[in-house]
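Colleague: Input structure: entry_8.tsv, which contains TSV, C-alpha atoms and all ligand atoms.
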```tsv
chain	number	residue	atom	x	y	z
T	1	MET	CA	1.58	34.35	0.56
T	2	LYS	CA	0.84	32.61	3.82
T	3	ILE	CA	0.75	28.84	3.52
T	4	SER	CA	-1.91	27.10	5.60
T	5	ARG	CA	-0.81	25.37	8.78
T	6	ARG	CA	-2.24	22.16	7.36
T	7	ALA	CA	-0.02	22.32	4.29
T	8	GLN	CA	3.01	23.43	6.27
T	9	GLU	CA	2.67	20.46	8.58
T	10	ILE	CA	2.28	17.86	5.86
T	11	ALA	CA	5.38	15.95	4.77
T	12	LEU	CA	6.14	15.19	1.15
T	13	SER	CA	5.63	11.47	0.47
T	14	VAL	CA	9.08	10.01	1.15
T	15	THR	CA	8.66	7.17	-1.34
T	16	LEU	CA	7.62	9.48	-4.15
T	17	ALA	CA	10.26	12.09	-3.23
T	18	LEU	CA	13.01	9.45	-3.24
T	19	ASP	CA	11.80	8.05	-6.53
T	20	ALA	CA	11.93	11.56	-8.00
T	21	ARG	CA	15.46	12.06	-6.61
T	22	ALA	CA	16.65	8.75	-8.09
T	23	LYS	CA	15.14	9.66	-11.47
T	24	GLU	CA	16.75	13.10	-11.34
T	25	LEU	CA	20.15	11.53	-10.69
T	26	ALA	CA	19.61	9.06	-13.52
T	27	ALA	CA	18.68	11.92	-15.87
T	28	SER	CA	21.95	13.65	-14.95
T	29	GLY	CA	23.89	10.60	-16.15
T	30	VAL	CA	24.41	8.68	-12.90
T	31	LYS	CA	23.65	4.94	-13.31
T	32	VAL	CA	21.19	4.71	-10.44
T	33	VAL	CA	19.54	1.49	-9.35
T	34	ASN	CA	16.17	2.50	-8.01
T	35	MET	CA	14.76	0.20	-5.34
T	36	ALA	CA	12.89	3.08	-3.75
T	37	VAL	CA	9.51	3.15	-5.35
T	38	GLY	CA	6.88	0.48	-4.95
T	39	GLU	CA	5.69	0.19	-8.51
T	40	PRO	CA	5.44	-2.96	-10.65
T	41	ASP	CA	7.92	-2.73	-13.52
T	42	PHE	CA	5.51	-4.45	-15.93
T	43	ALA	CA	3.27	-2.95	-18.59
T	44	ALA	CA	-0.46	-3.12	-17.91
T	45	PRO	CA	-2.04	-6.25	-19.48
T	46	LYS	CA	-2.94	-6.13	-23.16
T	47	VAL	CA	-6.72	-6.10	-22.49
T	48	VAL	CA	-6.24	-3.00	-20.36
T	49	GLN	CA	-4.29	-1.21	-23.07
T	50	THR	CA	-6.81	-2.19	-25.74
T	51	ALA	CA	-9.76	-1.06	-23.63
T	52	ALA	CA	-8.15	2.30	-22.86
T	53	ILE	CA	-7.41	2.95	-26.53
T	54	ALA	CA	-10.92	1.90	-27.57
T	55	LYS	CA	-12.45	4.21	-24.98
T	56	VAL	CA	-10.46	7.18	-26.25
T	57	ALA	CA	-11.24	6.32	-29.87
T	58	SER	CA	-14.96	6.09	-29.14
T	59	GLY	CA	-14.99	9.81	-28.40
T	60	ASP	CA	-17.22	9.01	-25.43
T	61	VAL	CA	-14.85	10.23	-22.75
T	62	ARG	CA	-17.13	12.18	-20.47
T	63	TYR	CA	-18.03	12.56	-16.82
T	64	THR	CA	-19.37	9.33	-15.39
T	65	PRO	CA	-21.58	9.12	-12.30
T	66	ILE	CA	-19.65	10.38	-9.25
T	67	ALA	CA	-19.23	6.92	-7.72
T	68	GLY	CA	-18.06	5.38	-10.99
T	69	THR	CA	-19.83	3.71	-13.90
T	70	PRO	CA	-22.53	1.21	-12.93
T	71	ALA	CA	-20.66	-1.44	-14.95
T	72	LEU	CA	-17.41	-0.92	-13.04
T	73	ARG	CA	-19.16	-0.81	-9.65
T	74	ASP	CA	-20.84	-4.11	-10.59
T	75	ALA	CA	-17.51	-5.58	-11.69
T	76	VAL	CA	-15.80	-4.52	-8.45
T	77	ALA	CA	-18.66	-5.85	-6.32
T	78	ALA	CA	-18.48	-9.19	-8.17
T	79	HIS	CA	-14.67	-9.30	-7.89
T	80	VAL	CA	-14.57	-8.49	-4.17
T	81	SER	CA	-17.42	-10.93	-3.44
T	82	LYS	CA	-15.60	-13.71	-5.27
T	83	THR	CA	-12.13	-13.08	-3.88
T	84	ARG	CA	-13.18	-12.45	-0.27
T	85	GLY	CA	-15.93	-15.07	-0.30
T	86	VAL	CA	-18.67	-12.84	1.13
T	87	PRO	CA	-21.28	-10.94	-0.87
T	88	PHE	CA	-20.88	-7.23	-1.58
T	89	SER	CA	-23.23	-5.13	-3.69
T	90	ALA	CA	-22.55	-2.31	-6.15
T	91	PRO	CA	-24.06	0.45	-3.93
T	92	GLU	CA	-21.37	-0.35	-1.34
T	93	VAL	CA	-18.61	0.34	-3.89
T	94	LEU	CA	-17.07	3.75	-4.56
T	95	ILE	CA	-14.63	4.07	-7.46
T	96	CYS	CA	-11.89	6.55	-6.52
T	97	HIS	CA	-8.97	8.19	-8.29
T	98	SER	CA	-6.51	5.74	-6.70
T	99	ALA	CA	-6.26	3.58	-3.60
T	100	LYS	CA	-4.53	6.52	-1.93
T	101	HIS	CA	-7.56	8.65	-2.72
T	102	ALA	CA	-9.87	5.89	-1.42
T	103	LEU	CA	-7.97	5.97	1.89
T	104	MET	CA	-8.34	9.75	2.04
T	105	ASN	CA	-12.06	9.51	1.29
T	106	ALA	CA	-12.48	6.88	4.00
T	107	LEU	CA	-10.69	8.94	6.64
T	108	LEU	CA	-12.61	12.09	5.74
T	109	ALA	CA	-15.84	10.12	6.00
T	110	LEU	CA	-14.95	8.54	9.36
T	111	ALA	CA	-12.76	10.85	11.45
T	112	ASP	CA	-13.84	13.83	13.50
T	113	PRO	CA	-11.20	16.24	14.85
T	114	GLY	CA	-9.28	14.58	17.66
T	115	ASP	CA	-10.43	11.03	16.86
T	116	GLU	CA	-7.60	8.59	17.40
T	117	VAL	CA	-6.70	6.00	14.77
T	118	LEU	CA	-4.41	3.08	15.59
T	119	VAL	CA	-1.62	2.62	13.06
T	120	PRO	CA	0.26	-0.66	13.54
T	121	LEU	CA	3.92	-0.36	12.55
T	122	PRO	CA	5.62	-0.62	10.22
T	123	ALA	CA	3.09	1.48	8.31
T	124	TRP	CA	3.05	2.71	4.76
T	125	VAL	CA	4.27	6.31	4.55
T	126	SER	CA	0.95	7.97	3.76
T	127	TYR	CA	-1.28	6.61	6.56
T	128	ILE	CA	-0.06	9.03	9.19
T	129	GLU	CA	-0.37	12.07	6.94
T	130	ILE	CA	-3.77	11.05	5.57
T	131	ILE	CA	-5.11	10.70	9.13
T	132	ARG	CA	-3.69	14.11	10.00
T	133	LEU	CA	-5.19	15.67	6.87
T	134	ALA	CA	-8.56	14.41	8.08
T	135	ASN	CA	-7.88	16.08	11.47
T	136	GLY	CA	-7.55	12.72	13.16
T	137	VAL	CA	-4.76	11.72	15.53
T	138	PRO	CA	-2.52	8.83	14.43
T	139	VAL	CA	-1.41	6.50	17.22
T	140	GLU	CA	1.54	4.36	16.18
T	141	VAL	CA	1.78	0.88	17.69
T	142	ARG	CA	4.93	-1.29	17.54
T	143	PRO	CA	4.60	-4.77	16.03
T	144	SER	CA	4.87	-8.18	17.70
T	145	GLU	CA	8.11	-10.19	17.54
T	146	SER	CA	6.93	-11.86	14.35
T	147	GLY	CA	6.11	-8.54	12.70
T	148	GLY	CA	2.33	-8.77	13.06
T	149	LEU	CA	-0.23	-7.02	15.24
T	150	ASN	CA	0.85	-6.62	18.86
T	151	PHE	CA	-2.41	-6.96	20.74
T	152	ALA	CA	-0.93	-6.14	24.16
T	153	LYS	CA	0.38	-2.84	22.79
T	154	LEU	CA	-2.83	-2.20	20.86
T	155	GLU	CA	-4.86	-2.71	24.06
T	156	ALA	CA	-2.56	-0.33	25.91
T	157	SER	CA	-3.10	2.32	23.21
T	158	ILE	CA	-6.88	2.40	23.54
T	159	THR	CA	-8.36	5.62	24.94
T	160	PRO	CA	-11.93	6.94	24.99
T	161	LYS	CA	-11.08	8.69	21.71
T	162	THR	CA	-9.95	5.60	19.76
T	163	ARG	CA	-12.23	5.13	16.76
T	164	GLY	CA	-10.47	2.88	14.28
T	165	ILE	CA	-7.45	0.95	13.08
T	166	ILE	CA	-5.69	0.78	9.71
T	167	VAL	CA	-4.40	-2.63	8.69
T	168	ASN	CA	-2.43	-3.59	5.60
T	169	SER	CA	-1.87	-7.23	4.71
T	170	PRO	CA	0.30	-8.01	2.81
T	171	CYS	CA	2.18	-5.15	4.41
T	172	ASN	CA	4.09	-2.39	2.72
T	173	PRO	CA	6.98	-2.22	3.78
T	174	SER	CA	7.53	-5.53	5.61
T	175	GLY	CA	5.76	-7.99	3.31
T	176	TYR	CA	4.14	-9.50	6.42
T	177	VAL	CA	0.92	-11.42	5.71
T	178	ALA	CA	-1.62	-11.85	8.54
T	179	ASP	CA	-3.10	-15.35	8.85
T	180	ARG	CA	-6.69	-16.19	9.72
T	181	GLU	CA	-5.99	-16.53	13.43
T	182	GLU	CA	-4.47	-13.05	13.63
T	183	THR	CA	-7.32	-11.61	11.56
T	184	GLU	CA	-9.84	-13.25	13.92
T	185	ALA	CA	-8.02	-11.71	16.86
T	186	LEU	CA	-8.21	-8.34	15.10
T	187	ALA	CA	-11.95	-8.81	14.61
T	188	ALA	CA	-12.40	-9.58	18.33
T	189	PHE	CA	-10.28	-6.57	19.30
T	190	ALA	CA	-12.28	-4.24	17.02
T	191	ALA	CA	-15.57	-5.59	18.39
T	192	LYS	CA	-14.42	-5.20	21.99
T	193	HIS	CA	-13.57	-1.54	21.49
T	194	ASP	CA	-16.18	-0.78	18.82
T	195	LEU	CA	-13.62	0.28	16.20
T	196	TRP	CA	-13.87	0.52	12.45
T	197	ILE	CA	-11.22	-1.38	10.49
T	198	LEU	CA	-9.74	0.29	7.43
T	199	SER	CA	-8.24	-2.63	5.55
T	200	ASP	CA	-5.79	-1.68	2.80
T	201	GLU	CA	-5.74	-4.80	0.62
T	202	ILE	CA	-3.86	-3.39	-2.36
T	203	TYR	CA	-1.22	-6.18	-2.27
T	204	ARG	CA	-3.79	-8.97	-1.83
T	205	ARG	CA	-2.75	-10.81	-4.99
T	206	LEU	CA	0.95	-10.69	-4.26
T	207	VAL	CA	1.42	-13.60	-1.85
T	208	PHE	CA	4.13	-16.15	-2.47
T	209	GLU	CA	3.93	-18.99	0.02
T	210	GLY	CA	0.73	-20.66	-1.04
T	211	GLU	CA	-1.50	-18.86	1.45
T	212	ARG	CA	-4.32	-16.44	0.68
T	213	ALA	CA	-4.45	-12.93	2.12
T	214	ILE	CA	-7.49	-12.76	4.42
T	215	SER	CA	-9.75	-9.73	4.66
T	216	PRO	CA	-11.21	-8.87	8.08
T	217	ALA	CA	-14.56	-8.61	6.25
T	218	GLU	CA	-14.45	-12.41	5.79
T	219	ILE	CA	-14.35	-13.22	9.49
T	220	ASN	CA	-18.04	-12.75	10.33
T	221	SER	CA	-20.93	-10.45	9.44
T	222	GLU	CA	-20.36	-8.27	12.49
T	223	THR	CA	-16.76	-7.57	11.40
T	224	ARG	CA	-17.82	-7.05	7.81
T	225	ALA	CA	-20.16	-4.30	9.06
T	226	ARG	CA	-17.23	-2.41	10.60
T	227	THR	CA	-14.71	-2.95	7.77
T	228	ILE	CA	-13.83	-0.64	4.90
T	229	ILE	CA	-11.85	-2.44	2.20
T	230	VAL	CA	-9.50	-0.36	0.04
T	231	ASP	CA	-8.00	-1.86	-3.10
T	232	GLY	CA	-7.16	-0.78	-6.63
T	233	ALA	CA	-5.64	-1.43	-10.01
T	234	SER	CA	-2.05	-0.25	-9.35
T	235	LYS	CA	-0.45	-3.39	-7.94
T	236	ALA	CA	-2.72	-6.22	-9.09
T	237	PHE	CA	-2.74	-5.16	-12.74
T	238	ALA	CA	0.42	-3.01	-12.97
T	239	MET	CA	-1.81	0.01	-13.64
T	240	THR	CA	-0.10	2.61	-11.44
T	241	GLY	CA	-0.29	5.42	-13.98
T	242	TYR	CA	-3.97	4.86	-14.69
T	243	ARG	CA	-4.73	6.14	-11.17
T	244	ILE	CA	-7.77	4.12	-10.29
T	245	GLY	CA	-8.84	2.47	-7.00
T	246	TYR	CA	-11.89	1.83	-4.87
T	247	LEU	CA	-13.35	1.37	-1.45
T	248	VAL	CA	-16.04	-1.08	-0.41
T	249	ALA	CA	-17.79	-0.26	2.83
T	250	PRO	CA	-21.13	-0.39	4.61
T	251	LYS	CA	-23.46	1.80	2.55
T	252	THR	CA	-23.64	4.67	5.06
T	253	VAL	CA	-19.86	5.08	4.82
T	254	THR	CA	-19.84	4.73	1.02
T	255	ASP	CA	-22.63	7.31	0.70
T	256	ALA	CA	-20.71	9.76	2.90
T	257	ALA	CA	-17.57	9.23	0.81
T	258	ILE	CA	-19.58	9.78	-2.39
T	259	ARG	CA	-20.74	13.17	-1.08
T	260	LEU	CA	-17.14	14.09	-0.29
T	261	GLN	CA	-15.89	12.90	-3.66
T	262	SER	CA	-18.66	14.83	-5.44
T	263	GLN	CA	-17.25	18.08	-4.07
T	264	MET	CA	-13.54	17.35	-4.09
T	265	THR	CA	-12.86	15.65	-7.40
T	266	GLY	CA	-16.04	14.45	-9.09
T	267	ALA	CA	-16.02	11.18	-10.98
T	268	PRO	CA	-12.74	9.36	-11.65
T	269	ASN	CA	-11.13	9.26	-15.10
T	270	SER	CA	-13.52	7.46	-17.44
T	271	ILE	CA	-10.75	5.94	-19.61
T	272	SER	CA	-9.17	4.32	-16.56
T	273	GLN	CA	-12.54	3.11	-15.31
T	274	PHE	CA	-13.18	1.39	-18.61
T	275	ALA	CA	-9.69	-0.14	-18.68
T	276	PHE	CA	-10.01	-1.36	-15.08
T	277	GLN	CA	-13.38	-2.96	-15.86
T	278	ALA	CA	-11.72	-4.91	-18.68
T	279	ALA	CA	-9.01	-6.10	-16.29
T	280	LEU	CA	-11.53	-7.30	-13.72
T	281	GLU	CA	-13.78	-9.01	-16.23
T	282	GLU	CA	-11.09	-10.71	-18.28
T	283	GLU	CA	-8.63	-11.82	-15.59
T	284	PRO	CA	-5.60	-11.28	-17.85
T	285	THR	CA	-3.03	-14.08	-17.93
T	286	GLU	CA	-0.19	-11.56	-17.49
T	287	VAL	CA	-1.12	-11.23	-13.81
T	288	GLY	CA	-0.15	-14.83	-12.99
T	289	ALA	CA	3.12	-14.42	-14.88
T	290	MET	CA	3.86	-11.23	-12.96
T	291	VAL	CA	3.28	-12.93	-9.62
T	292	ASP	CA	5.56	-15.84	-10.66
T	293	GLU	CA	8.27	-13.39	-11.67
T	294	PHE	CA	8.01	-11.57	-8.32
T	295	ARG	CA	8.22	-14.93	-6.55
T	296	GLU	CA	11.52	-15.72	-8.26
T	297	ARG	CA	13.02	-12.30	-7.58
T	298	ARG	CA	11.96	-12.50	-3.98
T	299	ALA	CA	13.72	-15.84	-3.50
T	300	TYR	CA	16.88	-14.43	-5.08
T	301	LEU	CA	16.86	-11.22	-3.01
T	302	LEU	CA	16.10	-12.93	0.29
T	303	SER	CA	18.93	-15.39	-0.08
T	304	ALA	CA	21.32	-12.59	-1.11
T	305	LEU	CA	20.28	-10.52	1.93
T	306	ASP	CA	20.72	-13.54	4.13
T	307	GLU	CA	24.27	-14.01	2.88
T	308	MET	CA	25.00	-10.37	3.69
T	309	GLY	CA	23.75	-10.89	7.23
T	310	LEU	CA	20.68	-8.72	6.70
T	311	SER	CA	17.73	-10.60	8.08
T	312	ALA	CA	14.34	-9.71	6.61
T	313	ALA	CA	11.65	-11.46	8.63
T	314	ASN	CA	8.60	-12.81	6.89
T	315	PRO	CA	8.22	-10.92	3.61
T	316	ARG	CA	5.62	-13.42	2.38
T	317	GLY	CA	3.75	-10.88	0.26
T	318	ALA	CA	3.94	-7.54	-1.62
T	319	PHE	CA	7.28	-6.87	-3.38
T	320	TYR	CA	9.44	-5.54	-0.59
T	321	ALA	CA	12.04	-6.71	1.87
T	322	PHE	CA	12.50	-4.78	5.11
T	323	PRO	CA	15.77	-5.93	6.67
T	324	ASN	CA	17.19	-4.76	9.96
T	325	ILE	CA	20.28	-2.58	9.43
T	326	ALA	CA	20.81	-1.61	13.09
T	327	ARG	CA	24.44	-2.72	13.14
T	328	PHE	CA	25.29	-0.71	10.03
T	329	ARG	CA	23.65	2.58	10.92
T	330	ASP	CA	25.09	5.57	12.74
T	331	ALA	CA	23.36	8.34	14.70
T	332	ARG	CA	21.66	9.54	11.52
T	333	GLY	CA	19.66	6.32	11.49
T	334	SER	CA	18.14	4.71	8.43
T	335	SER	CA	18.03	8.06	6.59
T	336	GLY	CA	21.81	8.47	6.90
T	337	PHE	CA	22.29	4.86	5.77
T	338	CYS	CA	20.18	5.49	2.66
T	339	GLU	CA	21.82	8.84	1.92
T	340	ASP	CA	25.29	7.26	2.06
T	341	LEU	CA	24.16	4.33	-0.07
T	342	LEU	CA	22.76	6.64	-2.73
T	343	GLU	CA	25.84	8.81	-2.71
T	344	GLN	CA	28.45	6.05	-2.64
T	345	GLN	CA	26.80	3.33	-4.71
T	346	ALA	CA	23.94	5.09	-6.50
T	347	LEU	CA	21.47	2.61	-5.00
T	348	ALA	CA	18.15	4.09	-3.82
T	349	LEU	CA	16.28	2.46	-0.90
T	350	VAL	CA	13.69	3.92	1.46
T	351	PRO	CA	14.68	4.55	5.11
T	352	GLY	CA	12.65	2.55	7.63
T	353	ALA	CA	12.07	5.81	9.52
T	354	ALA	CA	9.49	6.69	6.84
T	355	PHE	CA	7.51	3.66	8.03
T	356	GLY	CA	8.05	4.32	11.74
T	357	MET	CA	10.96	1.85	12.18
T	358	ASP	CA	14.37	3.47	12.03
T	359	ASP	CA	16.40	0.23	12.35
T	360	HIS	CA	15.21	-0.94	8.95
T	361	VAL	CA	15.36	-0.07	5.25
T	362	ARG	CA	12.90	-0.99	2.51
T	363	LEU	CA	14.05	-2.59	-0.73
T	364	SER	CA	11.55	-2.90	-3.56
T	365	TYR	CA	12.23	-5.87	-5.82
T	366	ALA	CA	10.04	-4.53	-8.61
T	367	LEU	CA	13.16	-4.51	-10.79
T	368	ASP	CA	14.28	-6.78	-13.59
T	369	GLY	CA	16.84	-9.50	-12.94
T	370	ALA	CA	19.86	-7.55	-14.20
T	371	GLN	CA	19.02	-4.51	-12.07
T	372	LEU	CA	18.35	-6.69	-9.08
T	373	GLY	CA	21.72	-8.40	-9.45
T	374	GLU	CA	23.40	-5.01	-9.72
T	375	ALA	CA	21.54	-3.78	-6.63
T	376	VAL	CA	22.77	-6.77	-4.63
T	377	ARG	CA	26.35	-6.20	-5.84
T	378	ARG	CA	26.25	-2.53	-4.80
T	379	LEU	CA	24.70	-3.25	-1.43
T	380	GLU	CA	27.33	-5.91	-0.69
T	381	LEU	CA	30.10	-3.50	-1.61
T	382	PHE	CA	28.58	-0.74	0.50
T	383	LEU	CA	28.25	-2.97	3.55
T	384	SER	CA	31.75	-4.36	3.19
T	385	GLU	CA	33.13	-0.81	3.39
T	386	ARG	CA	30.90	0.22	6.28
S	1	LIG	N1	-1.60	1.49	-0.03
S	1	LIG	C1	-0.36	0.98	-0.03
S	1	LIG	C2	0.04	0.11	1.09
S	1	LIG	C3	0.52	1.27	-1.07
S	1	LIG	O1	1.75	0.75	-1.07
S	1	LIG	C4	0.11	2.11	-2.11
S	1	LIG	C5	1.15	2.42	-3.15
S	1	LIG	N2	0.90	2.99	-4.22
S	1	LIG	C6	-1.20	2.62	-2.08
S	1	LIG	C7	-2.02	2.30	-1.03
S	1	LIG	C8	-1.72	3.56	-3.12
S	1	LIG	O2	-1.90	3.00	-4.36
S	1	LIG	P1	-2.45	3.87	-5.57
S	1	LIG	O3	-2.62	5.24	-5.07
S	1	LIG	O4	-1.44	3.75	-6.65
S	1	LIG	O5	-3.75	3.24	-5.96
S	2	LIG	N1	3.05	2.80	-2.70
S	2	LIG	C1	4.27	2.94	-3.42
S	2	LIG	C2	5.42	2.95	-2.45
S	2	LIG	O1	5.23	2.73	-1.29
S	2	LIG	C3	4.21	4.09	-4.37
S	2	LIG	C4	4.60	5.44	-3.86
S	2	LIG	C5	3.53	6.11	-3.07
S	2	LIG	O2	2.39	6.20	-3.55
S	2	LIG	O3	3.86	6.55	-1.97
S	2	LIG	O4	6.53	3.15	-2.86
```
For the file at hand, write its structure as structure tokens.
Ligand code: PMP
Ligand code: GLU
Modeller:
Amino acid sequence: MKISRRAQEIALSVTLALDARAKELAASGVKVVNMAVGEPDFAAPKVVQTAAIAKVASGDVRYTPIAGTPALRDAVAAHVSKTRGVPFSAPEVLICHSAKHALMNALLALADPGDEVLVPLPAWVSYIEIIRLANGVPVEVRPSESGGLNFAKLEASITPKTRGIIVNSPCNPSGYVADREETEALAAFAAKHDLWILSDEIYRRLVFEGERAISPAEINSETRARTIIVDGASKAFAMTGYRIGYLVAPKTVTDAAIRLQSQMTGAPNSISQFAFQAALEEEPTEVGAMVDEFRERRAYLLSALDEMGLSAANPRGAFYAFPNIARFRDARGSSGFCEDLLEQQALALVPGAAFGMDDHVRLSYALDGAQLGEAVRRLELFLSER
């Protein structure tokens, strides 16, 4: 059978593929340490589990309205209004099957064939492919010295076809967190060139240096009107397997995405919607404990990397470090580095090439203390023999 050009041209998600490879190796008896996948290693909070079980037991597990239950849309609108400090209403909210799906919905709603979308690097693996699936054209833009938006390069990338920009703070993979000044500059840049801003805020809660992650929608009402916020349950509530996320956008965009969702998937899983509503309404205490635990692991990993001479600039948020490995790589780049590391030390990392920056590797510290210590030991050994 002939496979469509679209499917032939799409790459398998590197993060998910590497996670699968690490799990395969583990199943075959190899003692793999898996720092490849970005997934909290905690169970979902108790209220989430209880709500999911109660929903199943009620027998009332049916289609919900396409955009999600009114109660969950209300809860998301209230949550986003409170956390971003500007009012959002339920009709602007679309519950999706995951944040990844929310991003896909947003791109399908916004991009026409040939429209260019700015993708500041380093960029999470799926942005480029999601833009391409929507027939848009991704335009990668290198970061500033500090790892943030490089406005000179962004300006130089503008063409008559530029329509939007995807931003992600805290950033996967670098952990970079944009401050208010940078977000204001982004708002001015988007206004100048009349761009939409797709703001992936899935790591918003995971900031470790006392600051708050800022949404572009907070800057002023004009920026709010050109911003689509994407967020979800996976990282904030350790609910990756529930597969539930959302977008919040000006109503015309949300309505377009609802039409798309109605044909592509229909309403999201009603058990997960109910469980997510419980998480948002109850603010489970486990979340604070999870953030504290990540903070401790981060401190440990950063100092260990520092001792190994691997500098990882600014990972103030998310649960990743993205050190520069330029002096340890050969012509095969970050992929060769990660292949050798997996083969020689059974330690799985993600090559920076997957995020558009081949001199780096991504380490996820969503691992318990013992595993993290073992990861550091293996990495040290690997580098000492390199
Ligand atoms: N955006 C970023 C930056 C991510 O790291 C992830 C990882 N899962 C997602 C979106 C998608 O999250 P999910 O599909 O689990 O909701
Ligand atoms: N976002 C996570 C990561 O970057 C999960 C995997 C994925 O969805 O690509 O590892």
Colleague: Check which residues fall inside 6 Å of ligand LIG 1 (chain S) when counting only C-alpha atoms and all ligand atoms, and print them as a list in words.
Modeller: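 Counting only what the definition allows, namely only C-alpha atoms and all ligand atoms, the set is Ser98, Ala99, Lys100, Trp124, Asn172, Asp200, Ile202, Gly232, Ser234, Thr240, Ile244 and Gly245 of chain T.
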Colleague: Mind running chain T against ligand LIG 2 (chain S) at 6 Å and telling me each contacting residue's nearest atom pair with the distance in Å (one decimal), counting only C-alpha atoms and all ligand atoms, chain and number ascending, as CSV?
Modeller:
```
residue,atom,partner,partner_atom,distance
T:Ser13,CA,S:LIG2,O3,5.8
T:Thr15,CA,S:LIG2,O4,4.8
T:Leu16,CA,S:LIG2,C4,5.1
T:Val37,CA,S:LIG2,O4,3.9
T:Gly38,CA,S:LIG2,O4,3.4
T:Glu39,CA,S:LIG2,C3,5.9
```
Colleague: Keeping only C-alpha atoms, write the selected residues to a file as an mmCIF file, in the coordinates of the input.
Modeller:
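Result went into part-v1.cif, see below:
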```cif
data_model
loop_
_atom_site.group_PDB
_atom_site.id
_atom_site.type_symbol
_atom_site.label_atom_id
_atom_site.label_comp_id
_atom_site.auth_asym_id
_atom_site.auth_seq_id
_atom_site.Cartn_x
_atom_site.Cartn_y
_atom_site.Cartn_z
ATOM 1 C CA SER T 13 5.630 11.470 0.470
ATOM 2 C CA THR T 15 8.660 7.170 -1.340
ATOM 3 C CA LEU T 16 7.620 9.480 -4.150
ATOM 4 C CA VAL T 37 9.510 3.150 -5.350
ATOM 5 C CA GLY T 38 6.880 0.480 -4.950
ATOM 6 C CA GLU T 39 5.690 0.190 -8.510
#
```
Colleague: Can you measure atom CA of T:Arg142 to atom CA of T:Pro122 for me? One decimal in Å is fine.
Modeller: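 Atom CA of T:Arg142 sits 7.4 Å away from atom CA of T:Pro122.
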Colleague: List as a VMD selection string the protein and nucleic acid residues near stretch 326-330 of chain T, meaning an atom at most 9 Å away when only C-alpha atoms are counted, but skip any in the same chain fewer than 5 places from it.
Modeller: chain T and resid 335 to 337 358 to 360 383 386
Colleague: Between T:Glu222, T:Glu9, T:Glu209, T:Asp231, which one has atoms that come closest to T:Pro250, using all atoms listed in the file?
Modeller: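 Residue with the minimum atom-to-atom distance to T:Pro250: T:Glu222.
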Colleague: Name the residues in contact with T:Asp368 at a cut-off of 12 Å, using all atoms listed in the file, excluding same-chain residues fewer than 6 positions from it; report them as a PyMOL selection string.
Modeller: chain T and resi 33-35+40-42+290+293-294+296-298+300-301+374-375
Colleague: Which is closest to T:Tyr246 among T:Val76, T:Ala213, T:Leu280, T:Leu195, if we use all atoms listed in the file?
Modeller: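 Selected residue with least distance to T:Tyr246: T:Val76.
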Colleague: One number please: atom CA of T:Leu12 to atom CA of T:Gly317, in Å, one decimal.
Modeller: 26.2 Å
Colleague: Just give me the gap between atom CA of T:Leu247 and atom CA of T:Ala51 in Å, one decimal is fine.
Modeller: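 Separating atom CA of T:Leu247 from atom CA of T:Ala51 is a distance of 22.6 Å.
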Colleague: Contacts between stretch 53-73 of chain T and stretch 150-264 of chain T, please, where a residue of stretch 150-264 of chain T counts if it comes within 8 Å (with only C-alpha atoms); show its shortest atom pair and distance in Å to one decimal, rows by chain and ascending number, as CSV.
Modeller:
```
residue,atom,partner,partner_atom,distance
T:Ile258,CA,T:Ala67,CA,6.1
T:Gln261,CA,T:Ile66,CA,7.2
T:Ser262,CA,T:Ile66,CA,5.9
```
Colleague: Set the distance at 9 Å and use only C-alpha atoms: which residues neighbour T:Pro120 once local chain neighbours fewer than 6 positions away are removed? I'd like the list as an NGL selection string.
Modeller: :T and (139-143 or 148-150 or 154 or 165-168)
Colleague: Excluding same-chain residues fewer than 3 positions from T:Leu347, what lies within 6 Å of it counting all atoms listed in the file, as JSON, numbers by chain?
Modeller: {"T": [32, 33, 341, 342]}
Colleague: Find the residue from T:Val177, T:Leu110, T:Ala52, T:Leu206 that sits nearest to T:Ile271; use all atoms listed in the file when measuring.
Modeller: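 Nearest candidate to T:Ile271 out of T:Val177, T:Leu110, T:Ala52, T:Leu206: T:Ala52.
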Colleague: T:Ala187, T:Cys338, T:Ala312, T:Ala299: which is nearest T:Ser146, counting only C-alpha atoms?
Modeller: T:Ala312
Colleague: Pick out the residues sitting within 7 Å of T:Ala22, and hand them over as a ChimeraX atom specification; count all atoms listed in the file, and ignore anything fewer than 3 positions along from it in its own chain.
Modeller: /T:18-19,25-26,32,34,348
Colleague: Every residue with an atom at most 10 Å from (-5.9, 2.2, 19.7) (file coordinates; all atoms listed in the file) is what I'm after, so could you write them as a PyMOL selection string?
Modeller: chain T and resi 116-120+138-141+151+153-165+189-190+193+195
Colleague: Could you check which of T:Gly373, T:Gly114, T:Pro284, T:Gly333 is closest to T:Gln49, using only C-alpha atoms?
Modeller: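 Closest to T:Gln49 of all the choices is T:Pro284.
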Colleague: Smallest atom-to-atom distance to T:Ala249: which of T:Ser303, T:Gln273, T:Ser89, T:Thr285, using all atoms listed in the file?
Modeller: T:Ser89
Colleague: Could you pull out every residue with an atom within 12 Å of (-8.1, 17.6, 10.2), file coordinates, counting all atoms listed in the file, and send them as a ChimeraX atom specification?
Modeller: /T:5-7,9-10,104,107-116,128-138
